[in-house]
Every structure is written in C-alpha cells, then in structure tokens.
Amino acid sequence: MSTENTEIVKKEEAKYIEINPGQFGKAKELAEKIGEILDDKKARNVKIIETNRQTIISDYFVIATGNSSVHIRALAGEIEEQLKENYGVTPARINGLESADWIILDYDSVLAHIFNSEARDYYKLEKLWGEGGGRVDVDGLLMLDKSE
C-alpha cells in the first residue's frame, strides 16, 4: 500500500474514532449498554436486533417504547448523557427530537430507536428487521416486568 493510501486509511479510521470513541470493543456491547440504560429509565419492551447480515447501515438496532413524548425525550437524553460521560461515546446524529414520536440516536454501528406506542406499532421494525437477523437475548440484561 502506498504512503498516500495509508494516510487515507488512517484519516478514515481517525474519523470513525472521533465519531464513536470509547471503551466498547464491540457493537454488541454498546447495544447492550443502551438497552440497560433504557431499561433503567423505565422504557417498555426493549429489544436488541442484530442487523449486520441485512444491511450496512448498522450492526444492531435497539428498540424501545416510551410512555409519552416527554419520556421519549428523557430516554434519548439519558442515553446520550450516560454514554458521553461514562464512555466518551457521542452519537453521529440524533433525529426526531422535535416530534418525539420516534427518536433515533445514531452511534454508527448501533441505532437506538425510541418510539411512542402508535409509531412502534405502525413501523414494526422488529418484524421488518428481526426476521433475517438475530435477536440478542436481553432478559439477563433487563430488570423490568416482561408482561407487555
């Protein structure tokens, strides 16, 4: 590899590190941490879906439901705050804060989707993405009642 190509690769690696730094060695660890944060803050029906076999968009989706737009914003804020403070990880993008029907936090290899009940029922991400990929067993991670 030429020196010029090596510099391009290093710049791309540095760009990735700036976007998603931290102590997480694997996307799965980051997805599980996001799931734990959501569970601790009373999100409902938290699911982690492996998507890397179906798309290059991400390796995992973390999907959860909030009780209200205020709760959904608080969940998104808690993820952002805890990951930044404790691990130095910041999202590349956040979408949906205005309406708070569906907020997406983009951590490159992990996308956190926080819905209200109606939007989650309408978009059915678990059905769309869950059939071809694997699901991560979150029962050991989460402490809430699984009755939903």
# chains A, B, ... in the order shown; residues from 1 in each chain; ligands from 1
call {"tool": "select_by_dssp", "arguments": {"residues": "stretch 24-59 of chain A", "states": "alpha helix (DSSP H)", "output": "list in words"}}
result
Ala27, Lys28, Glu29, Leu30, Ala31, Glu32, Lys33, Ile34, Gly35, Glu36, Ile37, Leu38, Asp39 and Asp40 of chain A
call {"tool": "closest_atom_pairs", "arguments": {"of": "stretch 11-109 of chain A", "to": "stretch 121-130 of chain A", "cutoff": "12 Å", "atoms": "only C-alpha atoms", "output": "Markdown table"}}
result
| residue | atom | partner | partner_atom | distance |
| --- | --- | --- | --- | --- |
| A:Asn45 | CA | A:Glu126 | CA | 11.1 |
| A:Val46 | CA | A:Glu126 | CA | 10.7 |
| A:Lys47 | CA | A:Glu126 | CA | 8.1 |
| A:Ile48 | CA | A:Glu126 | CA | 9.0 |
| A:Ile49 | CA | A:Gly130 | CA | 6.1 |
| A:Glu50 | CA | A:Gly130 | CA | 7.6 |
| A:Thr51 | CA | A:Trp129 | CA | 6.7 |
| A:Asn52 | CA | A:Trp129 | CA | 10.1 |
| A:Arg53 | CA | A:Trp129 | CA | 10.0 |
| A:Gln54 | CA | A:Trp129 | CA | 7.8 |
| A:Thr55 | CA | A:Trp129 | CA | 9.4 |
| A:Ile57 | CA | A:Trp129 | CA | 11.8 |
| A:Ser58 | CA | A:Trp129 | CA | 11.3 |
| A:Asp59 | CA | A:Trp129 | CA | 11.3 |
| A:Tyr60 | CA | A:Trp129 | CA | 9.9 |
| A:Phe61 | CA | A:Trp129 | CA | 8.7 |
| A:Val62 | CA | A:Glu126 | CA | 9.8 |
| A:Ile63 | CA | A:Glu126 | CA | 8.0 |
| A:Ala64 | CA | A:Glu126 | CA | 10.5 |
| A:Thr65 | CA | A:Asp121 | CA | 10.0 |
| A:Asp101 | CA | A:Tyr122 | CA | 11.2 |
| A:Trp102 | CA | A:Tyr123 | CA | 9.9 |
call {"tool": "residues_around", "arguments": {"residues": "A:Tyr107", "least_positions_apart": "6", "cutoff": "10 Å", "atoms": "only C-alpha atoms", "output": "ChimeraX atom specification"}}
result
/A:19-21,27,30-31,58,60,80,89-94
call {"tool": "atom_distance", "arguments": {"atom1": "atom CA of A:Asp108", "atom2": "atom CA of A:Val70"}}
result
25.2 Å
call {"tool": "closest_residue", "arguments": {"among": "A:Ser69, A:Ser117, A:Ser109, A:Gln82", "to": "A:Gly96", "atoms": "only C-alpha atoms"}}
result
A:Ser69
call {"tool": "atom_distance", "arguments": {"atom1": "atom CA of A:Ala119", "atom2": "atom CA of A:Glu29"}}
result
26.7 Å
call {"tool": "atom_distance", "arguments": {"atom1": "atom CA of A:Asn116", "atom2": "atom CA of A:Lys84"}}
result
24.6 Å
call {"tool": "residues_around", "arguments": {"residues": "A:Asn67", "least_positions_apart": "4", "cutoff": "9 Å", "atoms": "only C-alpha atoms", "output": "MDAnalysis selection string"}}
result
chainID A and resid 42:44 71:72 115:117
call {"tool": "write_last_selection", "arguments": {"atoms": "all heavy atoms", "output": "PDB file, in the first residue's frame"}}
result
ATOM      1  N   LYS A  42     -37.047   2.993  32.654  1.00  0.00           N
ATOM      2  CA  LYS A  42     -38.438   2.537  32.512  1.00  0.00           C
ATOM      3  C   LYS A  42     -38.986   2.545  31.087  1.00  0.00           C
ATOM      4  O   LYS A  42     -40.194   2.696  30.866  1.00  0.00           O
ATOM      5  CB  LYS A  42     -39.379   3.330  33.417  1.00  0.00           C
ATOM      6  CG  LYS A  42     -38.952   3.417  34.863  1.00  0.00           C
ATOM      7  CD  LYS A  42     -38.893   2.074  35.516  1.00  0.00           C
ATOM      8  CE  LYS A  42     -38.559   2.225  36.999  1.00  0.00           C
ATOM      9  NZ  LYS A  42     -37.763   1.143  37.512  1.00  0.00           N
ATOM     10  N   ALA A  43     -38.114   2.364  30.096  1.00  0.00           N
ATOM     11  CA  ALA A  43     -38.612   2.149  28.733  1.00  0.00           C
ATOM     12  C   ALA A  43     -39.321   0.796  28.721  1.00  0.00           C
ATOM     13  O   ALA A  43     -38.993  -0.104  29.499  1.00  0.00           O
ATOM     14  CB  ALA A  43     -37.461   2.152  27.734  1.00  0.00           C
ATOM     15  N   ARG A  44     -40.273   0.652  27.836  1.00  0.00           N
ATOM     16  CA  ARG A  44     -41.020  -0.604  27.730  1.00  0.00           C
ATOM     17  C   ARG A  44     -40.559  -1.399  26.519  1.00  0.00           C
ATOM     18  O   ARG A  44     -40.141  -0.842  25.518  1.00  0.00           O
ATOM     19  CB  ARG A  44     -42.520  -0.316  27.605  1.00  0.00           C
ATOM     20  CG  ARG A  44     -43.112   0.283  28.864  1.00  0.00           C
ATOM     21  CD  ARG A  44     -44.597   0.535  28.745  1.00  0.00           C
ATOM     22  NE  ARG A  44     -44.814   1.689  27.858  1.00  0.00           N
ATOM     23  CZ  ARG A  44     -45.615   1.679  26.792  1.00  0.00           C
ATOM     24  NH1 ARG A  44     -46.309   0.614  26.471  1.00  0.00           N
ATOM     25  NH2 ARG A  44     -45.752   2.755  26.052  1.00  0.00           N
ATOM     26  N   HIS A  71     -41.237  11.478  28.085  1.00  0.00           N
ATOM     27  CA  HIS A  71     -40.480  10.290  28.468  1.00  0.00           C
ATOM     28  C   HIS A  71     -39.528   9.870  27.352  1.00  0.00           C
ATOM     29  O   HIS A  71     -38.367   9.523  27.617  1.00  0.00           O
ATOM     30  CB  HIS A  71     -41.444   9.152  28.824  1.00  0.00           C
ATOM     31  CG  HIS A  71     -40.788   7.929  29.379  1.00  0.00           C
ATOM     32  ND1 HIS A  71     -41.149   6.665  28.993  1.00  0.00           N
ATOM     33  CD2 HIS A  71     -39.787   7.777  30.281  1.00  0.00           C
ATOM     34  CE1 HIS A  71     -40.410   5.780  29.646  1.00  0.00           C
ATOM     35  NE2 HIS A  71     -39.565   6.433  30.434  1.00  0.00           N
ATOM     36  N   ILE A  72     -39.971   9.928  26.116  1.00  0.00           N
ATOM     37  CA  ILE A  72     -39.145   9.545  24.969  1.00  0.00           C
ATOM     38  C   ILE A  72     -37.924  10.462  24.874  1.00  0.00           C
ATOM     39  O   ILE A  72     -36.796   9.998  24.683  1.00  0.00           O
ATOM     40  CB  ILE A  72     -39.978   9.551  23.677  1.00  0.00           C
ATOM     41  CG1 ILE A  72     -41.010   8.428  23.732  1.00  0.00           C
ATOM     42  CG2 ILE A  72     -39.089   9.426  22.440  1.00  0.00           C
ATOM     43  CD1 ILE A  72     -42.094   8.525  22.669  1.00  0.00           C
ATOM     44  N   PHE A 115     -39.599   4.848  20.434  1.00  0.00           N
ATOM     45  CA  PHE A 115     -40.903   5.142  19.845  1.00  0.00           C
ATOM     46  C   PHE A 115     -41.946   5.454  20.896  1.00  0.00           C
ATOM     47  O   PHE A 115     -41.815   5.036  22.048  1.00  0.00           O
ATOM     48  CB  PHE A 115     -41.437   3.885  19.136  1.00  0.00           C
ATOM     49  CG  PHE A 115     -40.742   3.490  17.881  1.00  0.00           C
ATOM     50  CD1 PHE A 115     -39.755   2.516  17.906  1.00  0.00           C
ATOM     51  CD2 PHE A 115     -41.105   4.040  16.668  1.00  0.00           C
ATOM     52  CE1 PHE A 115     -39.132   2.107  16.732  1.00  0.00           C
ATOM     53  CE2 PHE A 115     -40.494   3.631  15.494  1.00  0.00           C
ATOM     54  CZ  PHE A 115     -39.503   2.673  15.523  1.00  0.00           C
ATOM     55  N   ASN A 116     -43.049   6.093  20.438  1.00  0.00           N
ATOM     56  CA  ASN A 116     -44.279   6.024  21.197  1.00  0.00           C
ATOM     57  C   ASN A 116     -44.989   4.749  20.733  1.00  0.00           C
ATOM     58  O   ASN A 116     -44.588   4.136  19.734  1.00  0.00           O
ATOM     59  CB  ASN A 116     -45.141   7.286  21.068  1.00  0.00           C
ATOM     60  CG  ASN A 116     -45.699   7.521  19.686  1.00  0.00           C
ATOM     61  OD1 ASN A 116     -45.809   6.617  18.856  1.00  0.00           O
ATOM     62  ND2 ASN A 116     -46.068   8.759  19.407  1.00  0.00           N
ATOM     63  N   SER A 117     -46.016   4.319  21.429  1.00  0.00           N
ATOM     64  CA  SER A 117     -46.682   3.047  21.109  1.00  0.00           C
ATOM     65  C   SER A 117     -47.243   3.011  19.701  1.00  0.00           C
ATOM     66  O   SER A 117     -47.104   2.008  18.984  1.00  0.00           O
ATOM     67  CB  SER A 117     -47.817   2.774  22.099  1.00  0.00           C
ATOM     68  OG  SER A 117     -47.296   2.575  23.374  1.00  0.00           O
TER      69      SER A 117
END
call {"tool": "residues_around", "arguments": {"residues": "A:Ala76", "least_positions_apart": "4", "cutoff": "10 Å", "atoms": "only C-alpha atoms", "output": "PDB file with N, CA, C and O atoms, in the first residue's frame"}}
result
ATOM      1  N   ILE A  34     -26.884   0.370  25.852  1.00  0.00           N
ATOM      2  CA  ILE A  34     -28.042   1.214  25.541  1.00  0.00           C
ATOM      3  C   ILE A  34     -29.319   0.549  26.051  1.00  0.00           C
ATOM      4  O   ILE A  34     -30.180   1.203  26.645  1.00  0.00           O
ATOM      5  N   ILE A  37     -29.549   1.059  29.794  1.00  0.00           N
ATOM      6  CA  ILE A  37     -29.920   2.446  30.133  1.00  0.00           C
ATOM      7  C   ILE A  37     -31.420   2.638  29.939  1.00  0.00           C
ATOM      8  O   ILE A  37     -32.105   3.205  30.806  1.00  0.00           O
ATOM      9  N   LEU A  38     -31.937   2.153  28.821  1.00  0.00           N
ATOM     10  CA  LEU A  38     -33.367   2.281  28.553  1.00  0.00           C
ATOM     11  C   LEU A  38     -34.189   1.561  29.613  1.00  0.00           C
ATOM     12  O   LEU A  38     -35.194   2.081  30.096  1.00  0.00           O
ATOM     13  N   GLY A  66     -41.450   4.489  24.745  1.00  0.00           N
ATOM     14  CA  GLY A  66     -41.622   5.411  25.857  1.00  0.00           C
ATOM     15  C   GLY A  66     -43.094   5.671  26.102  1.00  0.00           C
ATOM     16  O   GLY A  66     -43.932   5.439  25.228  1.00  0.00           O
ATOM     17  N   HIS A  71     -41.237  11.478  28.085  1.00  0.00           N
ATOM     18  CA  HIS A  71     -40.480  10.290  28.468  1.00  0.00           C
ATOM     19  C   HIS A  71     -39.528   9.870  27.352  1.00  0.00           C
ATOM     20  O   HIS A  71     -38.367   9.523  27.617  1.00  0.00           O
ATOM     21  N   ILE A  72     -39.971   9.928  26.116  1.00  0.00           N
ATOM     22  CA  ILE A  72     -39.145   9.545  24.969  1.00  0.00           C
ATOM     23  C   ILE A  72     -37.924  10.462  24.874  1.00  0.00           C
ATOM     24  O   ILE A  72     -36.796   9.998  24.683  1.00  0.00           O
ATOM     25  N   GLU A  80     -27.732   9.559  25.628  1.00  0.00           N
ATOM     26  CA  GLU A  80     -26.681  10.467  25.170  1.00  0.00           C
ATOM     27  C   GLU A  80     -25.771  10.885  26.331  1.00  0.00           C
ATOM     28  O   GLU A  80     -24.535  10.841  26.221  1.00  0.00           O
ATOM     29  N   GLU A  81     -26.360  11.268  27.442  1.00  0.00           N
ATOM     30  CA  GLU A  81     -25.589  11.756  28.587  1.00  0.00           C
ATOM     31  C   GLU A  81     -24.714  10.661  29.203  1.00  0.00           C
ATOM     32  O   GLU A  81     -23.523  10.860  29.439  1.00  0.00           O
ATOM     33  N   ILE A  94     -28.737  12.656  15.758  1.00  0.00           N
ATOM     34  CA  ILE A  94     -29.968  12.395  16.506  1.00  0.00           C
ATOM     35  C   ILE A  94     -31.098  12.973  15.677  1.00  0.00           C
ATOM     36  O   ILE A  94     -31.055  14.135  15.293  1.00  0.00           O
ATOM     37  N   LEU A  97     -36.185  14.622  17.617  1.00  0.00           N
ATOM     38  CA  LEU A  97     -36.400  15.272  18.910  1.00  0.00           C
ATOM     39  C   LEU A  97     -37.591  16.222  18.902  1.00  0.00           C
ATOM     40  O   LEU A  97     -38.252  16.407  19.923  1.00  0.00           O
ATOM     41  N   ALA A 100     -40.820  13.793  18.790  1.00  0.00           N
ATOM     42  CA  ALA A 100     -40.654  12.768  19.822  1.00  0.00           C
ATOM     43  C   ALA A 100     -41.625  11.597  19.666  1.00  0.00           C
ATOM     44  O   ALA A 100     -41.936  10.913  20.628  1.00  0.00           O
ATOM     45  N   ILE A 103     -37.568   8.794  18.054  1.00  0.00           N
ATOM     46  CA  ILE A 103     -36.240   9.397  18.109  1.00  0.00           C
ATOM     47  C   ILE A 103     -35.218   8.321  17.774  1.00  0.00           C
ATOM     48  O   ILE A 103     -35.296   7.202  18.275  1.00  0.00           O
ATOM     49  N   ILE A 104     -34.271   8.683  16.918  1.00  0.00           N
ATOM     50  CA  ILE A 104     -33.186   7.778  16.548  1.00  0.00           C
ATOM     51  C   ILE A 104     -31.867   8.401  16.977  1.00  0.00           C
ATOM     52  O   ILE A 104     -31.570   9.537  16.623  1.00  0.00           O
ATOM     53  N   LEU A 105     -31.093   7.650  17.747  1.00  0.00           N
ATOM     54  CA  LEU A 105     -29.731   8.041  18.093  1.00  0.00           C
ATOM     55  C   LEU A 105     -28.804   7.139  17.283  1.00  0.00           C
ATOM     56  O   LEU A 105     -28.865   5.912  17.418  1.00  0.00           O
ATOM     57  N   ALA A 112     -30.244   3.425  18.052  1.00  0.00           N
ATOM     58  CA  ALA A 112     -31.232   3.324  19.112  1.00  0.00           C
ATOM     59  C   ALA A 112     -32.518   3.999  18.639  1.00  0.00           C
ATOM     60  O   ALA A 112     -32.511   5.173  18.279  1.00  0.00           O
ATOM     61  N   HIS A 113     -33.610   3.235  18.608  1.00  0.00           N
ATOM     62  CA  HIS A 113     -34.920   3.718  18.171  1.00  0.00           C
ATOM     63  C   HIS A 113     -35.834   3.767  19.384  1.00  0.00           C
ATOM     64  O   HIS A 113     -36.097   2.736  20.007  1.00  0.00           O
ATOM     65  N   ILE A 114     -36.320   4.958  19.699  1.00  0.00           N
ATOM     66  CA  ILE A 114     -37.238   5.113  20.832  1.00  0.00           C
ATOM     67  C   ILE A 114     -38.553   5.642  20.276  1.00  0.00           C
ATOM     68  O   ILE A 114     -38.597   6.730  19.720  1.00  0.00           O
TER      69      ILE A 114
END
call {"tool": "decode", "arguments": {"residues": "stretch 60-71 of chain A", "atoms": "all heavy atoms", "output": "PDB file, in the first residue's frame"}}
result
ATOM      1  N   TYR A  60     -26.492  -3.310  14.909  1.00  0.00           N
ATOM      2  CA  TYR A  60     -27.583  -3.589  15.845  1.00  0.00           C
ATOM      3  C   TYR A  60     -28.579  -2.448  15.870  1.00  0.00           C
ATOM      4  O   TYR A  60     -28.209  -1.290  15.719  1.00  0.00           O
ATOM      5  CB  TYR A  60     -27.041  -3.779  17.276  1.00  0.00           C
ATOM      6  CG  TYR A  60     -26.239  -5.034  17.425  1.00  0.00           C
ATOM      7  CD1 TYR A  60     -24.867  -5.024  17.212  1.00  0.00           C
ATOM      8  CD2 TYR A  60     -26.851  -6.244  17.762  1.00  0.00           C
ATOM      9  CE1 TYR A  60     -24.121  -6.188  17.329  1.00  0.00           C
ATOM     10  CE2 TYR A  60     -26.108  -7.400  17.881  1.00  0.00           C
ATOM     11  CZ  TYR A  60     -24.746  -7.369  17.662  1.00  0.00           C
ATOM     12  OH  TYR A  60     -24.016  -8.514  17.776  1.00  0.00           O
ATOM     13  N   PHE A  61     -29.845  -2.808  16.086  1.00  0.00           N
ATOM     14  CA  PHE A  61     -30.894  -1.863  16.415  1.00  0.00           C
ATOM     15  C   PHE A  61     -31.270  -2.129  17.872  1.00  0.00           C
ATOM     16  O   PHE A  61     -31.435  -3.291  18.269  1.00  0.00           O
ATOM     17  CB  PHE A  61     -32.156  -2.087  15.583  1.00  0.00           C
ATOM     18  CG  PHE A  61     -32.131  -1.541  14.191  1.00  0.00           C
ATOM     19  CD1 PHE A  61     -31.032  -0.908  13.649  1.00  0.00           C
ATOM     20  CD2 PHE A  61     -33.254  -1.686  13.390  1.00  0.00           C
ATOM     21  CE1 PHE A  61     -31.041  -0.413  12.355  1.00  0.00           C
ATOM     22  CE2 PHE A  61     -33.276  -1.197  12.100  1.00  0.00           C
ATOM     23  CZ  PHE A  61     -32.166  -0.559  11.574  1.00  0.00           C
ATOM     24  N   VAL A  62     -31.404  -1.075  18.643  1.00  0.00           N
ATOM     25  CA  VAL A  62     -32.002  -1.174  19.966  1.00  0.00           C
ATOM     26  C   VAL A  62     -33.331  -0.460  19.846  1.00  0.00           C
ATOM     27  O   VAL A  62     -33.382   0.700  19.432  1.00  0.00           O
ATOM     28  CB  VAL A  62     -31.130  -0.519  21.055  1.00  0.00           C
ATOM     29  CG1 VAL A  62     -31.781  -0.679  22.422  1.00  0.00           C
ATOM     30  CG2 VAL A  62     -29.725  -1.112  21.051  1.00  0.00           C
ATOM     31  N   ILE A  63     -34.403  -1.150  20.184  1.00  0.00           N
ATOM     32  CA  ILE A  63     -35.753  -0.613  20.004  1.00  0.00           C
ATOM     33  C   ILE A  63     -36.457  -0.601  21.356  1.00  0.00           C
ATOM     34  O   ILE A  63     -36.386  -1.583  22.102  1.00  0.00           O
ATOM     35  CB  ILE A  63     -36.554  -1.467  18.999  1.00  0.00           C
ATOM     36  CG1 ILE A  63     -35.809  -1.537  17.660  1.00  0.00           C
ATOM     37  CG2 ILE A  63     -37.959  -0.915  18.815  1.00  0.00           C
ATOM     38  CD1 ILE A  63     -36.386  -2.544  16.681  1.00  0.00           C
ATOM     39  N   ALA A  64     -37.122   0.517  21.653  1.00  0.00           N
ATOM     40  CA  ALA A  64     -37.840   0.630  22.919  1.00  0.00           C
ATOM     41  C   ALA A  64     -39.031   1.566  22.748  1.00  0.00           C
ATOM     42  O   ALA A  64     -39.098   2.345  21.796  1.00  0.00           O
ATOM     43  CB  ALA A  64     -36.916   1.160  24.008  1.00  0.00           C
ATOM     44  N   THR A  65     -39.952   1.489  23.699  1.00  0.00           N
ATOM     45  CA  THR A  65     -41.142   2.333  23.696  1.00  0.00           C
ATOM     46  C   THR A  65     -41.140   3.202  24.945  1.00  0.00           C
ATOM     47  O   THR A  65     -40.881   2.709  26.047  1.00  0.00           O
ATOM     48  CB  THR A  65     -42.418   1.470  23.673  1.00  0.00           C
ATOM     49  OG1 THR A  65     -42.382   0.615  22.534  1.00  0.00           O
ATOM     50  CG2 THR A  65     -43.670   2.328  23.622  1.00  0.00           C
ATOM     51  N   GLY A  66     -41.450   4.489  24.745  1.00  0.00           N
ATOM     52  CA  GLY A  66     -41.622   5.411  25.857  1.00  0.00           C
ATOM     53  C   GLY A  66     -43.094   5.671  26.102  1.00  0.00           C
ATOM     54  O   GLY A  66     -43.932   5.439  25.228  1.00  0.00           O
ATOM     55  N   ASN A  67     -43.400   6.176  27.284  1.00  0.00           N
ATOM     56  CA  ASN A  67     -44.800   6.394  27.679  1.00  0.00           C
ATOM     57  C   ASN A  67     -45.408   7.666  27.122  1.00  0.00           C
ATOM     58  O   ASN A  67     -46.621   7.766  27.007  1.00  0.00           O
ATOM     59  CB  ASN A  67     -44.905   6.419  29.205  1.00  0.00           C
ATOM     60  CG  ASN A  67     -44.488   5.099  29.815  1.00  0.00           C
ATOM     61  OD1 ASN A  67     -44.776   4.039  29.277  1.00  0.00           O
ATOM     62  ND2 ASN A  67     -43.801   5.169  30.933  1.00  0.00           N
ATOM     63  N   SER A  68     -44.582   8.668  26.829  1.00  0.00           N
ATOM     64  CA  SER A  68     -45.052   9.963  26.355  1.00  0.00           C
ATOM     65  C   SER A  68     -43.905  10.644  25.619  1.00  0.00           C
ATOM     66  O   SER A  68     -42.767  10.175  25.677  1.00  0.00           O
ATOM     67  CB  SER A  68     -45.495  10.837  27.537  1.00  0.00           C
ATOM     68  OG  SER A  68     -44.368  11.159  28.339  1.00  0.00           O
ATOM     69  N   SER A  69     -44.189  11.760  24.959  1.00  0.00           N
ATOM     70  CA  SER A  69     -43.118  12.475  24.266  1.00  0.00           C
ATOM     71  C   SER A  69     -42.062  12.980  25.257  1.00  0.00           C
ATOM     72  O   SER A  69     -40.866  12.968  24.956  1.00  0.00           O
ATOM     73  CB  SER A  69     -43.672  13.617  23.418  1.00  0.00           C
ATOM     74  OG  SER A  69     -44.396  14.523  24.210  1.00  0.00           O
ATOM     75  N   VAL A  70     -42.489  13.371  26.445  1.00  0.00           N
ATOM     76  CA  VAL A  70     -41.535  13.814  27.469  1.00  0.00           C
ATOM     77  C   VAL A  70     -40.642  12.644  27.884  1.00  0.00           C
ATOM     78  O   VAL A  70     -39.419  12.782  27.989  1.00  0.00           O
ATOM     79  CB  VAL A  70     -42.283  14.406  28.695  1.00  0.00           C
ATOM     80  CG1 VAL A  70     -41.330  14.676  29.839  1.00  0.00           C
ATOM     81  CG2 VAL A  70     -43.032  15.667  28.302  1.00  0.00           C
ATOM     82  N   HIS A  71     -41.237  11.478  28.085  1.00  0.00           N
ATOM     83  CA  HIS A  71     -40.480  10.290  28.468  1.00  0.00           C
ATOM     84  C   HIS A  71     -39.528   9.870  27.352  1.00  0.00           C
ATOM     85  O   HIS A  71     -38.367   9.523  27.617  1.00  0.00           O
ATOM     86  CB  HIS A  71     -41.444   9.152  28.824  1.00  0.00           C
ATOM     87  CG  HIS A  71     -40.788   7.929  29.379  1.00  0.00           C
ATOM     88  ND1 HIS A  71     -41.149   6.665  28.993  1.00  0.00           N
ATOM     89  CD2 HIS A  71     -39.787   7.777  30.281  1.00  0.00           C
ATOM     90  CE1 HIS A  71     -40.410   5.780  29.646  1.00  0.00           C
ATOM     91  NE2 HIS A  71     -39.565   6.433  30.434  1.00  0.00           N
TER      92      HIS A  71
END
